[in-house]
Structure formats: structure tokens, C-alpha cells
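Printed here is structure-v4.txt (compact mmCIF, N, CA and C atoms):
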```txt
# COMPACT_ATOMS: atom_id res chain seq x y z
N MET S 169 0.84 -1.18 0.00
CA MET S 169 0.00 0.00 0.00
C MET S 169 0.89 1.24 0.00
N THR S 170 0.55 2.20 -0.85
CA THR S 170 1.26 3.46 -0.91
C THR S 170 0.54 4.48 -0.03
N ARG S 171 1.29 5.09 0.85
CA ARG S 171 0.72 6.07 1.80
C ARG S 171 1.11 7.47 1.33
N ILE S 172 0.09 8.30 1.06
CA ILE S 172 0.30 9.64 0.49
C ILE S 172 -0.24 10.70 1.44
N LEU S 173 0.56 11.74 1.67
CA LEU S 173 0.13 12.89 2.46
C LEU S 173 0.18 14.12 1.56
N PHE S 174 -0.97 14.74 1.33
CA PHE S 174 -1.04 15.99 0.58
C PHE S 174 -0.91 17.14 1.57
N VAL S 175 -0.10 18.14 1.20
CA VAL S 175 0.20 19.24 2.12
C VAL S 175 -0.02 20.59 1.44
N CYS S 176 -0.66 21.50 2.18
CA CYS S 176 -0.77 22.90 1.75
C CYS S 176 -0.57 23.77 2.99
N HIS S 177 -0.83 25.05 2.86
CA HIS S 177 -0.55 25.96 3.97
C HIS S 177 -1.43 25.69 5.18
N GLY S 178 -2.76 25.69 5.00
CA GLY S 178 -3.65 25.60 6.15
C GLY S 178 -4.46 24.33 6.27
N ASN S 179 -4.45 23.48 5.22
CA ASN S 179 -5.20 22.22 5.21
C ASN S 179 -6.71 22.46 5.26
N ILE S 180 -7.16 23.54 4.60
CA ILE S 180 -8.60 23.76 4.50
C ILE S 180 -9.06 23.92 3.05
N CYS S 181 -8.13 24.07 2.11
CA CYS S 181 -8.51 24.24 0.70
C CYS S 181 -7.84 23.18 -0.19
N ARG S 182 -6.62 23.46 -0.61
CA ARG S 182 -5.97 22.63 -1.62
C ARG S 182 -5.66 21.21 -1.18
N SER S 183 -5.06 21.03 0.00
CA SER S 183 -4.68 19.66 0.37
C SER S 183 -5.88 18.77 0.65
N PRO S 184 -6.95 19.26 1.32
CA PRO S 184 -8.10 18.37 1.44
C PRO S 184 -8.77 18.12 0.09
N MET S 185 -8.77 19.12 -0.79
CA MET S 185 -9.30 18.89 -2.13
C MET S 185 -8.50 17.77 -2.80
N ALA S 186 -7.18 17.82 -2.69
CA ALA S 186 -6.34 16.79 -3.30
C ALA S 186 -6.61 15.43 -2.66
N GLU S 187 -6.74 15.40 -1.34
CA GLU S 187 -7.03 14.14 -0.64
C GLU S 187 -8.28 13.49 -1.21
N PHE S 188 -9.36 14.24 -1.33
CA PHE S 188 -10.62 13.65 -1.74
C PHE S 188 -10.70 13.43 -3.25
N ILE S 189 -10.04 14.27 -4.04
CA ILE S 189 -9.97 14.04 -5.49
C ILE S 189 -9.19 12.76 -5.76
N PHE S 190 -8.04 12.60 -5.10
CA PHE S 190 -7.23 11.40 -5.31
C PHE S 190 -8.02 10.16 -4.91
N LYS S 191 -8.68 10.20 -3.76
CA LYS S 191 -9.47 9.05 -3.30
C LYS S 191 -10.56 8.71 -4.31
N ALA S 192 -11.23 9.73 -4.85
CA ALA S 192 -12.30 9.50 -5.84
C ALA S 192 -11.75 8.88 -7.11
N LEU S 193 -10.62 9.37 -7.58
CA LEU S 193 -10.00 8.82 -8.79
C LEU S 193 -9.57 7.37 -8.57
N ALA S 194 -8.95 7.10 -7.42
CA ALA S 194 -8.51 5.73 -7.11
C ALA S 194 -9.71 4.79 -7.02
N ARG S 195 -10.79 5.27 -6.40
CA ARG S 195 -12.02 4.47 -6.28
C ARG S 195 -12.59 4.18 -7.68
N ALA S 196 -12.61 5.19 -8.53
CA ALA S 196 -13.15 5.02 -9.89
C ALA S 196 -12.33 4.02 -10.71
N LYS S 197 -11.03 3.95 -10.43
CA LYS S 197 -10.15 3.01 -11.14
C LYS S 197 -10.12 1.63 -10.49
N GLY S 198 -10.78 1.52 -9.35
CA GLY S 198 -10.79 0.25 -8.64
C GLY S 198 -9.48 -0.08 -7.94
N VAL S 199 -8.72 0.95 -7.59
CA VAL S 199 -7.42 0.72 -6.94
C VAL S 199 -7.33 1.40 -5.57
N GLU S 200 -8.48 1.76 -5.00
CA GLU S 200 -8.46 2.50 -3.74
C GLU S 200 -7.78 1.72 -2.62
N ASP S 201 -7.81 0.39 -2.66
CA ASP S 201 -7.18 -0.41 -1.62
C ASP S 201 -5.66 -0.40 -1.71
N GLN S 202 -5.12 0.19 -2.77
CA GLN S 202 -3.67 0.30 -2.94
C GLN S 202 -3.10 1.57 -2.31
N PHE S 203 -3.97 2.44 -1.80
CA PHE S 203 -3.54 3.74 -1.28
C PHE S 203 -4.16 4.04 0.08
N TYR S 204 -3.38 4.73 0.89
CA TYR S 204 -3.88 5.35 2.11
C TYR S 204 -3.56 6.82 1.94
N VAL S 205 -4.55 7.69 2.06
CA VAL S 205 -4.37 9.11 1.74
C VAL S 205 -4.90 9.99 2.87
N GLU S 206 -4.10 10.98 3.24
CA GLU S 206 -4.48 12.02 4.20
C GLU S 206 -4.01 13.36 3.67
N SER S 207 -4.34 14.41 4.42
CA SER S 207 -3.82 15.74 4.10
C SER S 207 -3.49 16.47 5.40
N ALA S 208 -2.60 17.46 5.27
CA ALA S 208 -2.15 18.21 6.45
C ALA S 208 -1.66 19.59 6.00
N ALA S 209 -1.30 20.39 6.99
CA ALA S 209 -0.83 21.76 6.76
C ALA S 209 0.62 21.92 7.18
N VAL S 210 1.27 22.96 6.68
CA VAL S 210 2.60 23.32 7.16
C VAL S 210 2.50 24.37 8.26
N SER S 211 1.31 24.93 8.47
CA SER S 211 1.11 25.92 9.53
C SER S 211 0.06 25.39 10.50
N ASP S 212 -0.05 26.07 11.62
CA ASP S 212 -1.08 25.67 12.58
C ASP S 212 -2.22 26.70 12.64
N GLU S 213 -2.26 27.61 11.67
CA GLU S 213 -3.24 28.68 11.65
C GLU S 213 -4.69 28.20 11.60
N GLU S 214 -4.94 27.11 10.94
CA GLU S 214 -6.32 26.64 10.75
C GLU S 214 -6.62 25.35 11.51
N MET S 215 -5.73 24.95 12.41
CA MET S 215 -5.90 23.67 13.12
C MET S 215 -7.30 23.53 13.69
N GLY S 216 -7.90 22.38 13.40
CA GLY S 216 -9.23 22.08 13.92
C GLY S 216 -10.37 22.61 13.07
N ASN S 217 -10.07 23.44 12.08
CA ASN S 217 -11.13 24.01 11.25
C ASN S 217 -11.54 23.02 10.15
N PRO S 218 -12.81 23.09 9.72
CA PRO S 218 -13.28 22.22 8.64
C PRO S 218 -12.77 22.71 7.29
N ILE S 219 -13.05 21.92 6.27
CA ILE S 219 -12.73 22.34 4.90
C ILE S 219 -13.46 23.66 4.63
N TYR S 220 -12.75 24.59 3.99
CA TYR S 220 -13.30 25.91 3.69
C TYR S 220 -14.55 25.76 2.81
N PRO S 221 -15.66 26.43 3.14
CA PRO S 221 -16.91 26.24 2.40
C PRO S 221 -16.80 26.36 0.87
N PRO S 222 -16.07 27.33 0.30
CA PRO S 222 -15.98 27.35 -1.16
C PRO S 222 -15.26 26.12 -1.73
N ALA S 223 -14.33 25.54 -0.98
CA ALA S 223 -13.67 24.31 -1.43
C ALA S 223 -14.67 23.16 -1.41
N LYS S 224 -15.50 23.10 -0.37
CA LYS S 224 -16.55 22.07 -0.31
C LYS S 224 -17.51 22.21 -1.50
N ARG S 225 -17.92 23.46 -1.78
CA ARG S 225 -18.84 23.69 -2.90
C ARG S 225 -18.23 23.22 -4.21
N CYS S 226 -16.96 23.50 -4.40
CA CYS S 226 -16.28 23.10 -5.64
C CYS S 226 -16.24 21.58 -5.76
N LEU S 227 -15.91 20.90 -4.67
CA LEU S 227 -15.90 19.43 -4.70
C LEU S 227 -17.29 18.90 -5.02
N LYS S 228 -18.31 19.46 -4.38
CA LYS S 228 -19.70 19.02 -4.63
C LYS S 228 -20.09 19.23 -6.08
N GLN S 229 -19.73 20.40 -6.65
CA GLN S 229 -20.07 20.71 -8.05
C GLN S 229 -19.49 19.68 -9.01
N HIS S 230 -18.36 19.09 -8.62
CA HIS S 230 -17.70 18.09 -9.48
C HIS S 230 -18.04 16.66 -9.06
N GLY S 231 -18.95 16.52 -8.10
CA GLY S 231 -19.37 15.19 -7.68
C GLY S 231 -18.31 14.42 -6.90
N VAL S 232 -17.41 15.14 -6.25
CA VAL S 232 -16.35 14.50 -5.46
C VAL S 232 -16.81 14.42 -4.01
N ALA S 233 -16.94 13.20 -3.52
CA ALA S 233 -17.35 12.99 -2.13
C ALA S 233 -16.22 13.38 -1.19
N PHE S 234 -16.57 13.91 -0.04
CA PHE S 234 -15.58 14.27 0.97
C PHE S 234 -16.14 14.00 2.34
N ASP S 235 -15.26 13.89 3.31
CA ASP S 235 -15.65 13.64 4.69
C ASP S 235 -15.90 14.99 5.36
N ALA S 236 -17.15 15.27 5.68
CA ALA S 236 -17.50 16.55 6.30
C ALA S 236 -16.88 16.71 7.68
N ALA S 237 -16.44 15.61 8.27
CA ALA S 237 -15.81 15.67 9.59
C ALA S 237 -14.32 16.00 9.51
N LYS S 238 -13.78 16.10 8.30
CA LYS S 238 -12.36 16.41 8.12
C LYS S 238 -12.03 17.73 8.81
N ARG S 239 -10.97 17.73 9.59
CA ARG S 239 -10.49 18.93 10.28
C ARG S 239 -9.02 19.14 9.96
N ALA S 240 -8.65 20.40 9.86
CA ALA S 240 -7.26 20.74 9.53
C ALA S 240 -6.33 20.28 10.65
N ARG S 241 -5.19 19.77 10.23
CA ARG S 241 -4.14 19.39 11.17
C ARG S 241 -2.80 19.81 10.60
N ARG S 242 -1.86 20.02 11.47
CA ARG S 242 -0.50 20.38 11.06
C ARG S 242 0.29 19.10 10.87
N MET S 243 1.10 19.07 9.85
CA MET S 243 1.99 17.94 9.63
C MET S 243 2.93 17.82 10.83
N ALA S 244 3.24 16.59 11.20
CA ALA S 244 4.17 16.32 12.30
C ALA S 244 5.42 15.66 11.73
N ALA S 245 6.52 15.79 12.44
CA ALA S 245 7.77 15.17 12.00
C ALA S 245 7.59 13.67 11.78
N ALA S 246 6.78 13.02 12.61
CA ALA S 246 6.55 11.58 12.49
C ALA S 246 5.88 11.20 11.17
N ASP S 247 5.21 12.16 10.52
CA ASP S 247 4.56 11.87 9.24
C ASP S 247 5.59 11.48 8.18
N TYR S 248 6.80 11.94 8.30
CA TYR S 248 7.82 11.58 7.31
C TYR S 248 7.98 10.06 7.27
N ASP S 249 7.98 9.42 8.40
CA ASP S 249 8.12 7.96 8.46
C ASP S 249 6.80 7.25 8.14
N ARG S 250 5.68 7.88 8.41
CA ARG S 250 4.37 7.26 8.19
C ARG S 250 3.94 7.23 6.73
N PHE S 251 4.46 8.16 5.92
CA PHE S 251 4.01 8.28 4.53
C PHE S 251 5.14 8.00 3.54
N ASP S 252 4.76 7.44 2.39
CA ASP S 252 5.72 7.14 1.33
C ASP S 252 5.96 8.35 0.44
N ARG S 253 4.92 9.17 0.28
CA ARG S 253 5.01 10.34 -0.57
C ARG S 253 4.36 11.51 0.15
N ILE S 254 5.04 12.65 0.14
CA ILE S 254 4.52 13.88 0.75
C ILE S 254 4.44 14.90 -0.38
N ILE S 255 3.22 15.24 -0.74
CA ILE S 255 2.97 16.02 -1.96
C ILE S 255 2.50 17.43 -1.59
N CYS S 256 3.32 18.41 -1.93
CA CYS S 256 3.06 19.82 -1.61
C CYS S 256 2.38 20.53 -2.77
N MET S 257 1.58 21.53 -2.40
CA MET S 257 0.86 22.29 -3.41
C MET S 257 1.68 23.42 -4.02
N ASP S 258 2.67 23.95 -3.27
CA ASP S 258 3.47 25.04 -3.84
C ASP S 258 4.86 25.10 -3.22
N ALA S 259 5.70 25.93 -3.80
CA ALA S 259 7.09 26.06 -3.36
C ALA S 259 7.20 26.57 -1.94
N SER S 260 6.27 27.40 -1.52
CA SER S 260 6.26 27.88 -0.14
C SER S 260 6.06 26.72 0.83
N ASN S 261 5.15 25.81 0.50
CA ASN S 261 4.95 24.62 1.33
C ASN S 261 6.23 23.80 1.41
N MET S 262 6.92 23.69 0.28
CA MET S 262 8.19 22.94 0.23
C MET S 262 9.21 23.57 1.18
N ARG S 263 9.27 24.89 1.21
CA ARG S 263 10.22 25.57 2.10
C ARG S 263 9.80 25.42 3.56
N LEU S 264 8.52 25.63 3.85
CA LEU S 264 8.04 25.58 5.23
C LEU S 264 8.08 24.17 5.82
N ILE S 265 8.00 23.17 4.99
CA ILE S 265 8.03 21.79 5.48
C ILE S 265 9.39 21.49 6.13
N ARG S 266 10.40 22.24 5.75
CA ARG S 266 11.74 22.05 6.32
C ARG S 266 11.80 22.44 7.80
N HIS S 267 10.80 23.20 8.27
CA HIS S 267 10.71 23.51 9.70
C HIS S 267 10.10 22.34 10.48
N ILE S 268 9.48 21.43 9.76
CA ILE S 268 8.83 20.28 10.39
C ILE S 268 9.71 19.05 10.30
N ILE S 269 10.28 18.83 9.12
CA ILE S 269 11.21 17.73 8.93
C ILE S 269 12.55 18.33 8.50
N PRO S 270 13.65 17.87 9.08
CA PRO S 270 14.94 18.51 8.81
C PRO S 270 15.49 18.28 7.41
N GLY S 271 15.07 17.25 6.76
CA GLY S 271 15.58 16.96 5.43
C GLY S 271 14.67 15.96 4.75
N ASP S 272 15.08 15.54 3.57
CA ASP S 272 14.29 14.58 2.81
C ASP S 272 15.22 13.50 2.26
N PRO S 273 15.86 12.72 3.15
CA PRO S 273 16.85 11.76 2.70
C PRO S 273 16.29 10.66 1.79
N GLN S 274 15.00 10.39 1.89
CA GLN S 274 14.39 9.34 1.06
C GLN S 274 13.70 9.89 -0.18
N GLY S 275 13.77 11.20 -0.40
CA GLY S 275 13.19 11.81 -1.60
C GLY S 275 11.68 11.66 -1.69
N LYS S 276 11.00 11.85 -0.57
CA LYS S 276 9.55 11.69 -0.51
C LYS S 276 8.78 12.96 -0.84
N VAL S 277 9.39 14.13 -0.69
CA VAL S 277 8.68 15.40 -0.78
C VAL S 277 8.75 15.94 -2.22
N HIS S 278 7.57 16.19 -2.79
CA HIS S 278 7.48 16.66 -4.17
C HIS S 278 6.35 17.68 -4.33
N LEU S 279 6.43 18.48 -5.38
CA LEU S 279 5.31 19.33 -5.77
C LEU S 279 4.29 18.47 -6.51
N LEU S 280 3.01 18.70 -6.29
CA LEU S 280 1.97 17.96 -6.98
C LEU S 280 2.12 18.05 -8.50
N MET S 281 2.31 19.26 -8.99
CA MET S 281 2.33 19.44 -10.44
C MET S 281 3.57 18.85 -11.11
N ALA S 282 4.58 18.47 -10.32
CA ALA S 282 5.75 17.79 -10.89
C ALA S 282 5.33 16.46 -11.53
N ALA S 283 4.26 15.86 -11.03
CA ALA S 283 3.77 14.60 -11.60
C ALA S 283 3.30 14.78 -13.04
N THR S 284 2.95 16.02 -13.40
CA THR S 284 2.47 16.31 -14.75
C THR S 284 3.62 16.64 -15.70
N GLY S 285 4.83 16.72 -15.15
CA GLY S 285 5.98 17.13 -15.95
C GLY S 285 6.21 18.63 -15.93
N ARG S 286 5.33 19.34 -15.23
CA ARG S 286 5.47 20.80 -15.11
C ARG S 286 5.56 21.13 -13.63
N SER S 287 6.75 21.38 -13.17
CA SER S 287 6.98 21.65 -11.75
C SER S 287 6.59 23.09 -11.43
N ARG S 288 5.32 23.28 -11.10
CA ARG S 288 4.82 24.62 -10.79
C ARG S 288 3.84 24.52 -9.64
N ASP S 289 3.47 25.67 -9.11
CA ASP S 289 2.56 25.74 -7.97
C ASP S 289 1.10 25.53 -8.39
N VAL S 290 0.31 25.04 -7.45
CA VAL S 290 -1.14 25.09 -7.54
C VAL S 290 -1.51 26.36 -6.77
N ALA S 291 -2.10 27.31 -7.47
CA ALA S 291 -2.43 28.60 -6.84
C ALA S 291 -3.35 28.39 -5.65
N ASP S 292 -3.15 29.20 -4.62
CA ASP S 292 -3.94 29.09 -3.40
C ASP S 292 -5.26 29.84 -3.58
N PRO S 293 -6.39 29.11 -3.65
CA PRO S 293 -7.67 29.79 -3.88
C PRO S 293 -8.14 30.62 -2.69
N TRP S 294 -7.51 30.44 -1.54
CA TRP S 294 -7.82 31.30 -0.39
C TRP S 294 -7.54 32.75 -0.78
N TYR S 295 -6.47 32.94 -1.56
CA TYR S 295 -6.06 34.29 -1.98
C TYR S 295 -6.64 34.67 -3.34
N THR S 296 -6.69 33.70 -4.28
CA THR S 296 -7.15 34.03 -5.63
C THR S 296 -8.67 34.03 -5.75
N GLY S 297 -9.35 33.26 -4.90
CA GLY S 297 -10.79 33.11 -5.00
C GLY S 297 -11.20 32.19 -6.14
N ASP S 298 -10.24 31.66 -6.87
CA ASP S 298 -10.51 30.84 -8.05
C ASP S 298 -10.37 29.36 -7.70
N PHE S 299 -11.39 28.81 -7.10
CA PHE S 299 -11.37 27.40 -6.68
C PHE S 299 -11.42 26.47 -7.87
N GLU S 300 -12.05 26.88 -8.95
CA GLU S 300 -12.16 26.02 -10.14
C GLU S 300 -10.78 25.76 -10.76
N THR S 301 -9.97 26.81 -10.91
CA THR S 301 -8.64 26.61 -11.49
C THR S 301 -7.79 25.72 -10.59
N SER S 302 -7.87 25.94 -9.29
CA SER S 302 -7.13 25.08 -8.35
C SER S 302 -7.63 23.64 -8.45
N PHE S 303 -8.95 23.46 -8.53
CA PHE S 303 -9.52 22.12 -8.67
C PHE S 303 -8.96 21.43 -9.92
N GLN S 304 -8.96 22.14 -11.04
CA GLN S 304 -8.49 21.54 -12.30
C GLN S 304 -7.00 21.17 -12.22
N ASP S 305 -6.19 22.04 -11.61
CA ASP S 305 -4.77 21.71 -11.44
C ASP S 305 -4.59 20.48 -10.54
N ILE S 306 -5.33 20.44 -9.43
CA ILE S 306 -5.23 19.31 -8.51
C ILE S 306 -5.69 18.03 -9.19
N LEU S 307 -6.77 18.10 -9.94
CA LEU S 307 -7.27 16.95 -10.69
C LEU S 307 -6.20 16.44 -11.65
N GLU S 308 -5.59 17.35 -12.41
CA GLU S 308 -4.55 16.98 -13.36
C GLU S 308 -3.37 16.32 -12.65
N GLY S 309 -2.95 16.91 -11.52
CA GLY S 309 -1.83 16.34 -10.78
C GLY S 309 -2.15 14.97 -10.20
N CYS S 310 -3.34 14.81 -9.65
CA CYS S 310 -3.74 13.52 -9.08
C CYS S 310 -3.87 12.45 -10.16
N GLU S 311 -4.44 12.83 -11.30
CA GLU S 311 -4.53 11.87 -12.42
C GLU S 311 -3.14 11.43 -12.85
N ALA S 312 -2.21 12.36 -12.93
CA ALA S 312 -0.84 12.02 -13.33
C ALA S 312 -0.19 11.11 -12.30
N MET S 313 -0.43 11.36 -11.02
CA MET S 313 0.13 10.50 -9.97
C MET S 313 -0.39 9.07 -10.10
N LEU S 314 -1.67 8.92 -10.42
CA LEU S 314 -2.26 7.59 -10.55
C LEU S 314 -1.79 6.87 -11.80
N ASN S 315 -1.36 7.60 -12.80
CA ASN S 315 -0.94 7.00 -14.06
C ASN S 315 0.55 6.73 -14.14
N VAL S 316 1.26 6.98 -13.04
CA VAL S 316 2.72 6.77 -13.03
C VAL S 316 3.01 5.29 -12.92
```
Can you present the structure in this file as C-alpha cells?
Amino acid sequence: MTRILFVCHGNICRSPMAEFIFKALARAKGVEDQFYVESAAVSDEEMGNPIYPPAKRCLKQHGVAFDAAKRARRMAAADYDRFDRIICMDASNMRLIRHIIPGDPQGKVHLLMAATGRSRDVADPWYTGDFETSFQDILEGCEAMLNV
């Protein structure tokens, strides 16, 4: 089983969207039992908060099921050993993760969009307000991860 942790700044928009999009894609392909997927934050600003309502609306509009009980959590150093892949939404997350884990000796930490062959950020819809573009980028990255 491959254990994947999606990471963004607050764990209320992009990383939970990625968690539930990836789970839906894996379920649709009949390979959900091959993956264990969670999401977390690099900050503690949103700890305990639910998925941001516009992110929930976007998931619903696309028919992606999500756990309404999901609450934001901060990534812990122990997560490095618990997960096989740690997938960040942007370069800032990659930098901030270094405050949580001192290094990446096993090469587990990657940008989501690197799976598509384009190593770029998934824009934070908290700031842009554009949840649809973030959804499409996350969908593309998750599809690429499943097709590797």
C-alpha cells in the first residue's frame, strides 16, 4: 500500500481537495485499496477548522465525495516515516516543510504538479478566489500520480 500525504498551507482548501480528489479517482479506477491518503498543513493557523466552504462547494459541483468531519491538522515530523510520498501544493509549502522535517533523505517530498511534468505551484484559492482553477490543477496532478 502506498501512503500519500497531501500538504498545503492551512489544510482547508488545496490539500483536502487533493485528498478527496485522489481518493475518488482511485475508487473510480478500482485501486483504492492500494492507497492510504491524508492531508495536512505546514502551519497551525487553521488547526481544527473544517474544509473551507468554497472548497466544499467546488468538490460538490464536481461530484467529489468528501468527509464533512475532516479537520485541519498540522503535519508532524513523524509523518515523514508514516508516509511514502509527501505532496506539496506550492514552493512555499516545500520551504516551510523544512521547519517540520529537517531533510528529505528518502526523496519523498514533491510538488503535486511535478507529476504532470510541469513543476509549478497550484495557486492558493484562499487568496485568488478561483477554486475552479485550483480544482483543475489538482485533478490533473492527481490523475498524473495515478498514471505513473
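Taking atom N of Tyr248 of chain S and atom CA of Ile269 of chain S as endpoints, the distance between them is 7.3 Å.
Within 5 Å of the point (5.1, 9.1, 5.7) in file coordinates, and counting all atoms listed in the file, lie the residues Asp247, Tyr248, Asp249, Arg250, Phe251 and Asp252 of chain S.
Residue nearest Ser260 of chain S within the list S:Arg242, S:Arg182, S:Arg286, S:His177: S:His177 [criterion: smallest interatomic distance, all atoms listed in the file].
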Looking only at the backbone, which of the residues in segment 203-245 of chain S does DSSP tag as strand (DSSP E or B), as a compact mmCIF listing (two decimals) with N, CA and C atoms, in the frame of the given file?
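Saved as selection13.txt:
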```txt
# COMPACT_ATOMS: atom_id res chain seq x y z
N PHE S 203 -3.97 2.44 -1.80
CA PHE S 203 -3.54 3.74 -1.28
C PHE S 203 -4.16 4.04 0.08
N TYR S 204 -3.38 4.73 0.89
CA TYR S 204 -3.88 5.35 2.11
C TYR S 204 -3.56 6.82 1.94
N VAL S 205 -4.55 7.69 2.06
CA VAL S 205 -4.37 9.11 1.74
C VAL S 205 -4.90 9.99 2.87
N GLU S 206 -4.10 10.98 3.24
CA GLU S 206 -4.48 12.02 4.20
C GLU S 206 -4.01 13.36 3.67
N SER S 207 -4.34 14.41 4.42
CA SER S 207 -3.82 15.74 4.10
C SER S 207 -3.49 16.47 5.40
N ALA S 208 -2.60 17.46 5.27
CA ALA S 208 -2.15 18.21 6.45
C ALA S 208 -1.66 19.59 6.00
N ALA S 209 -1.30 20.39 6.99
CA ALA S 209 -0.83 21.76 6.76
C ALA S 209 0.62 21.92 7.18
N PRO S 218 -12.81 23.09 9.72
CA PRO S 218 -13.28 22.22 8.64
C PRO S 218 -12.77 22.71 7.29
N ARG S 239 -10.97 17.73 9.59
CA ARG S 239 -10.49 18.93 10.28
C ARG S 239 -9.02 19.14 9.96
N ARG S 242 -1.86 20.02 11.47
CA ARG S 242 -0.50 20.38 11.06
C ARG S 242 0.29 19.10 10.87
```
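Proximity to Arg288 of chain S was assessed for S:Glu311, S:Ile219, S:Tyr204, S:Asp258 counting only N, CA and C atoms; the smallest distance is recorded for S:Asp258.
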Exercise. Which of these, S:Lys197, S:Gln304, S:Val175, S:Asn315, has the shortest distance to Met257 of chain S once you count only N, CA and C atoms?
Worked result: S:Val175
For this session: Measure the distance from atom C of Glu200 of chain S to atom N of Asn217 of chain S in Å and round it to one decimal.
Result: 26.3 Å
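Proximity of S:Ala240, S:Ala312, S:Ile172, S:Met281 to Glu214 of chain S, computed with all atoms listed in the file, is greatest for S:Ala240.
Atom pair atom C of Lys228 of chain S / atom C of Val205 of chain S has a distance of 19.9 Å (rounded to one decimal).
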Exercise. Among chain S, which residues carry a DSSP assignment of alpha helix (DSSP H), reported as a PyMOL selection string?
Worked result: chain S and resi 182-197+221-229+247-250+259-264+293-296+299-314
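Near (-11.7, 16.9, -11.7), the residues inside the 7 Å limit, counting all atoms listed in the file, come to His230, Phe303, Gln304, Ile306, Leu307 and Glu308 of chain S.
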